[in-house]
Structures are given as C-alpha cells and as structure tokens.
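Undergrad: Quick one: this structure, given as structure tokens, is what I'll be asking you about.
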Protein chains: 2
Amino acid sequence: MDHSRLFKNIVEKRSFLCIGLDSEIEKIPPFLMKKEDPVFEFNKRIIDSTHKFAVAYKPNLAFYECNGITGWQSLESTLKYIKNNHPGIFVIADAKRGDIGNTSKMYAKAFFEKMNFDAITVAPYMGEDSVTPFLAYHGKWVILLALTSNKGADDFQYHEEDGFRLFERVLKVSQKWGTMDNMMYVVGATRAEMLKEVRKIAPEHFLLIPGVGAQGGSLADVAKFGLNSKCGLLVNSSRGIIFADNSEEFDKVAGEKAREMQLEMELYLSERKLI
Amino acid sequence: MDHSRLFKNIVEKRSFLCIGLDSEIEKIPPFLMKKEDPVFEFNKRIIDSTHKFAVAYKPNLAFYECNGITGWQSLESTLKYIKNNHPGIFVIADAKRGDIGNTSKMYAKAFFEKMNFDAITVAPYMGEDSVTPFLAYHGKWVILLALTSNKGADDFQYHEEDGFRLFERVLKVSQKWGTMDNMMYVVGATRAEMLKEVRKIAPEHFLLIPGVGAQGGSLADVAKFGLNSKCGLLVNSSRGIIFADNSEEFDKVAGEKAREMQLEMELYLSERKLI
C-alpha cells in the first residue's frame, strides 16, 4: 500500500483511526476464556465491530509473545482474519525491532513474508543498516520511532547537538533511507505541541500517533498540529476502545467508542477540507 | 544470577565466551533437515559440543521469529534443554526490545517468566520506563545497547551534547536505573578502542561484546581495553562457531572453534591474574 492509497482509504472511511490490538489475556472478557483461542476470538469480535471506523489495526507484539507459542497462534490467526475479510486495512506490527543488517533482514522476513503485515515499528538507535532491510519490501512500511509518548522519551530523545535534538536528527537522517511511500514516524500524542516541530522537518510524511486516550493525549491538538494536505496521520487508540467494556457486549461498546473517534476525526478532516 | 556468580563461572571455565545461537534454518547442515525440529536439533548438538567452553548462550530472536510458531517451539525447546542440562549457564534473549512501561512489562513476562531467560538485550531509545519493568525481576538482567557493532552505530550513537555522546549518556543515565547485578551494556568489538571511553563511565559493569569474528572485531583488543577486576566481559561469537562447518561433523568443528576462543580467553585472564 502506498501513501495515496492510504489517503484514499482515509477519505472513504472519513477516519484516520488505528486500533491497537493490545489484547492482554488477563483483560479480555471472562466469558471468552472458554473459547479455544480466547485472544483471537476477542480480536475477531473487535475487528467485526470496529472495521468500518478504522483504517488500520496495530497488534502490539508484547501482548502475544507473553503467551508463548499460543500467543503467536493468536497473532497469526488475527492477521489472516484481517487480510481475508478486510484486505484494504493497513496492519502494523508494533514490534519496535531493529538490529544489525543480517538480523533485521530476518525480522523483515518474519513480519512481511511469514505474517504479511503492511508495516512494522522500528527503533532507530542502531541506524541505517538496522532499518533498510525492512525497506527492501515493495509496498511495505517502516514506522520509525521519533518522539515517543512515554515519560522516558525525555531521557535521550531531546539530547541536542548543534541545535538538533536526537528525534529531529532521526527525522532528518532517516528521510535519506526511505520515501513518503515506505516510511512514517511515531510521534506521541502526549507531545502534540511538538508536532509543529516535527512537521517542519517532515511536512509530508505520515505519522503514527499513539497516546490518545488512556495515555492522556488530545485528538484535537494532534489534528491541529499534525494534519497535512494528505491527512498524514494515523491516530492510535488501544485500551480506550478495546477494553471500554468487559461484558458480553464488549464488542458493541468498542464499536461505539471507535465510532465516536471516527466522528471526531471526520470533523477535523472536514474542517481542513480533506473530505 | 548475580555479578559474583557470573565471575565465578568465568573463573571455573577459564572463559568469558558467549555463543550466539543465530541458527538460521537455511544455514544449518542439510542432513538435519529430516529431523522433526531441525533448528532445535542443531542447537542441541552445538550446545553439547561447546558448553564446556562457554559461560553463556545468546539466541537471537529474529532467527526464530522468521519461522513463526515453529520457530518459537525451537526456541522454547532450546531454553528448556539448556536449563535442564546446564543450569549454571547464562542465557541471553537477544531481542532488542523496549516499549512503554505496560508493554515492556509484557515483554519481561514473555522472556523471564514464560521462557526463563537470564537476560534480555534492550534498546534505550524510549528511556527509563521502557527498561525498568525488566529490572523488577530478581536475578534477571537487562543488557542495554550502548555502542553497537554495526556501521549504522555512527548515525545516532555519537550525537553529542555538552561533551557527552549519546552512548555515553546512555551509560551514565541508565546506571541510576539498575545495579552491577542486573544491568550490563552492549559494546561492539568493532569499536574496541572505544572500550577505553566506556570503561571511564562504567568501570565495573559487565559488557556484552558482539562483533568478534565474522564482523571483524579483535578479541585481543577487546580484552586489552575491556577486562576489569571481575573480568567484566562476555564476548559473543555466533557465525564463526556455529557455522564453521556444514557437514555431519559440524558440532565437532564448532566445539574446536569454541575451544580455540576459550584458550585465547584463558591466556588474557591469566595475564591479568584473574585466574
């Protein structure tokens, strides 16, 4: 999927919502625990009830790996389900990988060949050769960490040399590695005012924005500072949607929450005359 | 396992060798492919033939994840095999994880509870709350990336503020999060001369050194600049040992290669009067 196709999907759905499938087994409704694969069953119902309002799903690998082999089965089943039933939806492996070249190549194989994700989040610390193996796959994306939504972002990401903070250097340097059609950046919604700074360096790139909702970021601020002429945003919500309710109606409630966000997004898209 | 116990193991084996189980299925001897789990069978034979010369094993997760569920089975079997047969050996998940707090907590669960690794490599970009959930496990270790062995290390790790390069800041700041008994650092052997700089900031910590062998680093230089009064080094070799031979004798050859490295290490330990 390229930049234009992603924008087309956003226009069609009047939404730039990404739903984080952080499907922690301890938090899913108890009545699902008798199913053969409770995590997959949970994801399936969340997808069925939210896919009209979302342009992307983002399983966070940690919540699958902590269940070992069973977890990988749930993840593979989820991927297949999305790809078979909603082939136009963008699916992101929130894996934050990154290693020396020959190792990143294997991670790329794992996520792009073995599992058919459209994108993977990558940590920039190890530099160019840790990122480029993922860019070798046509139509697939790297989503590079720039400015994250957590408190620990302050520890290193603002480290400044010659007027450039580390996250700015990441944005500048990495633009030489990829294009607008295969690279986007993570910028936390908890730092929405920083989107102004990010947009000075990366005006056209798509940004993946975590941290709206449970982590406290504001969708209005993100839209204000982050939207560009092709939308340029995927805003993620995880817990605020998927764990909004714990009853047998959890999927219906998740659908309502996703619909609320979609409507707010539609407003911002409309204000900017993007739809 | 704590710092003293690790040093005791090093003294007993007269070795600070870590063997990287980067067991890429395309590279293992063809005769093993008829086995039910060729990767596990390969690892088992490598372990049987090298465990006398090594104090640590380091499976690199990418080489397992790229085989999907089968890969996780090979990894879990390998862990069980090491823990059941060689309980004193330190086992490192080379996973380079790191995410916001609630997610890192799940990775910690995956690697320390589900799989009983002793240590995990972690990328520092997201800062303190991405690292501390791993430190909550008594006897387990974080191995934080400081200065990596690849070319891309130049892109961001030398970014300098007020005389401190990023890798130096990582070394300084992170020492507040953990102790000598639960934190070590990755410093690439391809930058052995930089070990002098690293030792100024982290004189006592253990360092995990990749990049000897196939990547071109020199063991002599690493020992010269990196050894401290409690050894303080785990030097990794992967391809140079495990893929030294591709015949039915591969394990014997791997054992000989490991023995050669152990003998060289014994020499350096002896010169420093550590054994």
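Naming works like this for the structure tokens: A, B, ... for the chains as they're shown, residue 1 at the start of each chain, ligands 1 onward in shown order.
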Extract the full set of strand (DSSP E or B) residues from range 23-153 of chain B according to DSSP on the backbone, and format it as number ranges by chain.
TA: B: 56-60, 90-97, 119-122, 141-147
Undergrad: Those same residues, written as a CSV table (one decimal), in the first residue's frame with C-alpha atoms?
TA:
```
chain,number,residue,atom,x,y,z
B,56,ALA,CA,26.7,-18.0,28.1
B,57,TYR,CA,24.4,-18.7,25.1
B,58,LYS,CA,22.6,-16.0,23.2
B,59,PRO,CA,19.8,-17.0,20.8
B,60,ASN,CA,18.9,-14.1,18.5
B,90,PHE,CA,23.7,-17.7,31.5
B,91,VAL,CA,21.1,-17.4,28.7
B,92,ILE,CA,20.5,-14.2,26.9
B,93,ALA,CA,17.5,-13.3,24.8
B,94,ASP,CA,19.0,-11.1,22.1
B,95,ALA,CA,15.7,-9.5,21.4
B,96,LYS,CA,16.5,-5.7,21.5
B,97,ARG,CA,13.0,-5.0,22.9
B,119,ALA,CA,18.9,-11.6,30.5
B,120,ILE,CA,17.5,-9.7,27.6
B,121,THR,CA,19.0,-7.1,25.3
B,122,VAL,CA,17.0,-3.8,25.4
B,141,TRP,CA,19.4,-8.8,33.7
B,142,VAL,CA,18.9,-6.0,31.2
B,143,ILE,CA,21.7,-5.7,28.6
B,144,LEU,CA,21.3,-2.2,27.3
B,145,LEU,CA,22.5,-1.2,23.8
B,146,ALA,CA,25.2,1.4,24.2
B,147,LEU,CA,27.6,1.3,21.3
```
Undergrad: Excluding Tyr64 in chain B and residues on its chain fewer than 5 positions from it, collect all residues at most 8 Å away from it, counting only C-alpha atoms, and give them as a ChimeraX atom specification.
TA: /B:23-24,70-72,74-75
Undergrad: Include C-alpha atoms and write out the residues we just selected as a PDB file, in the first residue's frame.
TA:
```
ATOM      1  CA  SER B  23      20.500 -20.563  13.996  1.00  0.00           C
ATOM      2  CA  GLU B  24      19.235 -19.581  10.568  1.00  0.00           C
ATOM      3  CA  THR B  70       7.719 -23.470  14.603  1.00  0.00           C
ATOM      4  CA  GLY B  71      10.476 -21.010  15.440  1.00  0.00           C
ATOM      5  CA  TRP B  72       9.050 -20.313  18.887  1.00  0.00           C
ATOM      6  CA  SER B  74      12.545 -24.403  18.583  1.00  0.00           C
ATOM      7  CA  LEU B  75      13.395 -21.526  20.926  1.00  0.00           C
TER       8      LEU B  75
END
```
Undergrad: How many Å lie between CA of Glu168 in chain B and CA of Leu21 in chain B, rounded to one decimal?
TA: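 Between CA of Glu168 in chain B and CA of Leu21 in chain B the gap works out to 28.8 Å.
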Undergrad: Please provide the set of residues having any atom within 12 Å of Leu171 in chain B, restricted to only C-alpha atoms, with same-chain residues fewer than 5 positions apart removed, written as a PyMOL selection string.
TA: (chain A and resi 155-156) or (chain B and resi 124+127+143-147+157+164-166+176-179+183-187+197-207)
Undergrad: Which residues are close to range 217-232 of chain A, i.e. within 10 Å by only C-alpha atoms, leaving aside same-chain residues fewer than 4 positions away? Reply as a compact mmCIF listing (two decimals) with C-alpha atoms, in the first residue's frame.
TA:
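Saved file out.txt follows:
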```
# COMPACT_ATOMS: atom_id res chain seq x y z
CA HIS A 3 0.78 6.92 0.51
CA SER A 4 -2.02 7.73 -1.98
CA LEU A 6 -3.73 5.12 2.39
CA PHE A 7 -5.12 8.62 1.94
CA LYS A 8 -7.88 7.25 -0.30
CA ILE A 10 -8.93 7.66 4.97
CA VAL A 11 -11.20 9.71 2.72
CA SER A 15 -11.35 8.34 9.57
CA PHE A 16 -7.64 8.15 10.36
CA SER A 149 4.54 9.09 24.15
CA MET A 180 6.98 9.05 1.70
CA MET A 184 6.43 7.02 8.58
CA VAL A 187 5.20 10.84 17.42
CA GLY A 188 3.38 10.59 20.76
CA ALA A 189 0.08 12.44 21.21
CA THR A 190 1.21 13.34 24.72
CA ARG A 191 3.61 15.74 23.00
CA ALA A 192 1.13 17.20 20.50
CA GLU A 193 2.71 20.68 20.63
CA MET A 194 5.93 19.04 19.35
CA LEU A 195 4.09 18.07 16.17
CA LYS A 196 4.76 21.62 14.98
CA GLU A 197 8.48 20.93 15.23
CA VAL A 198 8.10 17.52 13.60
CA ARG A 199 6.09 18.99 10.71
CA PRO A 203 5.85 18.00 6.41
CA GLU A 204 4.62 15.32 4.05
CA HIS A 205 5.24 12.02 5.82
CA PHE A 206 2.57 10.04 7.56
CA LEU A 207 2.88 10.00 11.35
CA LEU A 208 1.62 7.26 13.64
CA ILE A 209 0.35 8.88 16.83
CA PRO A 210 -0.02 6.75 19.96
CA GLY A 211 -1.01 8.12 23.35
CA VAL A 212 -4.51 9.46 22.70
CA GLY A 213 -6.95 8.29 25.35
CA ASN A 236 -3.95 5.03 17.51
CA MET A 261 -13.45 8.77 17.45
CA GLU A 264 -14.44 13.49 15.75
CA MET A 265 -11.88 12.71 13.04
CA LEU A 267 -14.99 16.79 11.81
CA TYR A 268 -11.29 17.63 11.65
CA LEU A 269 -10.94 16.23 8.13
CA ARG A 272 -9.44 21.09 6.68
CA LYS A 273 -11.44 20.34 3.52
CA LEU A 274 -9.78 16.96 3.14
CA ILE A 275 -13.13 15.25 2.66
```
Undergrad: Within 9 Å of range 110-113 of chain B, counting only C-alpha atoms, which residues show up once you throw out same-chain ones fewer than 2 positions away? Write them as an MDAnalysis selection string, please.
TA: (chainID A and resid 62:68) or (chainID B and resid 93 105:108 115:120 134 137 140)
Undergrad: Store the residues picked out above in a file with C-alpha atoms, as an mmCIF file, in the first residue's frame.
TA:
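Saved result, result35.cif, follows:
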```cif
data_model
loop_
_atom_site.group_PDB
_atom_site.id
_atom_site.type_symbol
_atom_site.label_atom_id
_atom_site.label_comp_id
_atom_site.auth_asym_id
_atom_site.auth_seq_id
_atom_site.Cartn_x
_atom_site.Cartn_y
_atom_site.Cartn_z
ATOM 1 C CA ALA A 62 4.420 -7.984 23.539
ATOM 2 C CA PHE A 63 0.856 -8.963 24.343
ATOM 3 C CA TYR A 64 1.192 -12.038 22.110
ATOM 4 C CA GLU A 65 4.754 -13.044 22.926
ATOM 5 C CA CYS A 66 3.932 -13.201 26.632
ATOM 6 C CA ASN A 67 1.683 -16.176 25.824
ATOM 7 C CA GLY A 68 4.460 -18.032 24.001
ATOM 8 C CA ALA B 93 17.491 -13.340 24.757
ATOM 9 C CA LYS B 105 6.219 -5.407 31.401
ATOM 10 C CA MET B 106 4.659 -7.911 28.974
ATOM 11 C CA TYR B 107 7.989 -8.466 27.220
ATOM 12 C CA ALA B 108 9.576 -9.104 30.615
ATOM 13 C CA MET B 115 10.850 -18.694 28.901
ATOM 14 C CA ASN B 116 13.239 -18.351 31.844
ATOM 15 C CA PHE B 117 15.970 -16.377 30.091
ATOM 16 C CA ASP B 118 18.525 -14.829 32.459
ATOM 17 C CA ALA B 119 18.876 -11.645 30.465
ATOM 18 C CA ILE B 120 17.450 -9.678 27.573
ATOM 19 C CA PHE B 134 12.741 -5.814 33.171
ATOM 20 C CA TYR B 137 12.810 -9.493 38.252
ATOM 21 C CA LYS B 140 17.494 -11.274 35.846
#
```
Undergrad: Could you please determine the separation between CA of Gly216 in chain A and CA of Phe243 in chain A in Å, to one decimal place?
TA: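 Separation between CA of Gly216 in chain A and CA of Phe243 in chain A: 15.9 Å.
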Undergrad: Any idea what the distance is between CA of Ser130 in chain B and CA of Ile28 in chain A?
TA: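 If I compute the distance from CA of Ser130 in chain B to CA of Ile28 in chain A, I get 23.9 Å.
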Undergrad: DSSP on the backbone, then: every residue of range 23-170 of chain A marked helix (DSSP H, G or I), written as a ChimeraX atom specification.
TA: /A:25-27,30-34,38-50,62-65,68-85,101-114,128-135,153-156,166-170
Undergrad: Residues near range 31-37 of chain A, anyone? I mean within 9 Å using only C-alpha atoms, not counting same-chain ones fewer than 3 positions away, as a PyMOL selection string.
TA: chain A and resi 25+28+40-42+70+73-74+247-248
Undergrad: Let me make sure I understand: among B:Cys18, B:Phe53, B:Pro38, B:Gln215, which one has the smallest atom-to-atom distance to Glu266 in chain B if we use only C-alpha atoms?
TA: B:Phe53
Undergrad: For Ser237 in chain A, which residue out of A:Asp251, A:Glu260, A:Asp162, A:Glu26 is the nearest one, using only C-alpha atoms?
TA: A:Glu260
Undergrad: Identify which of the residues B:Tyr125, B:Tyr158, B:Phe167, B:Tyr81 lies closest to chain A, counting only C-alpha atoms when measuring atom-to-atom distances.
TA: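 Using only C-alpha atoms, the shortest distance to chain A belongs to B:Tyr125.
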Undergrad: With distances taken over only C-alpha atoms, which residue among B:Ala54, B:Ala136, B:Ile69, B:Leu263 lies nearest Leu234 in chain B?
TA: B:Ala54
Undergrad: For a quick check of understanding, using only C-alpha atoms, which of B:Lys80, B:Arg5, B:Lys114, B:Arg14 has the smallest distance to chain A?
TA: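 Closest to chain A, using only C-alpha atoms: B:Lys114.
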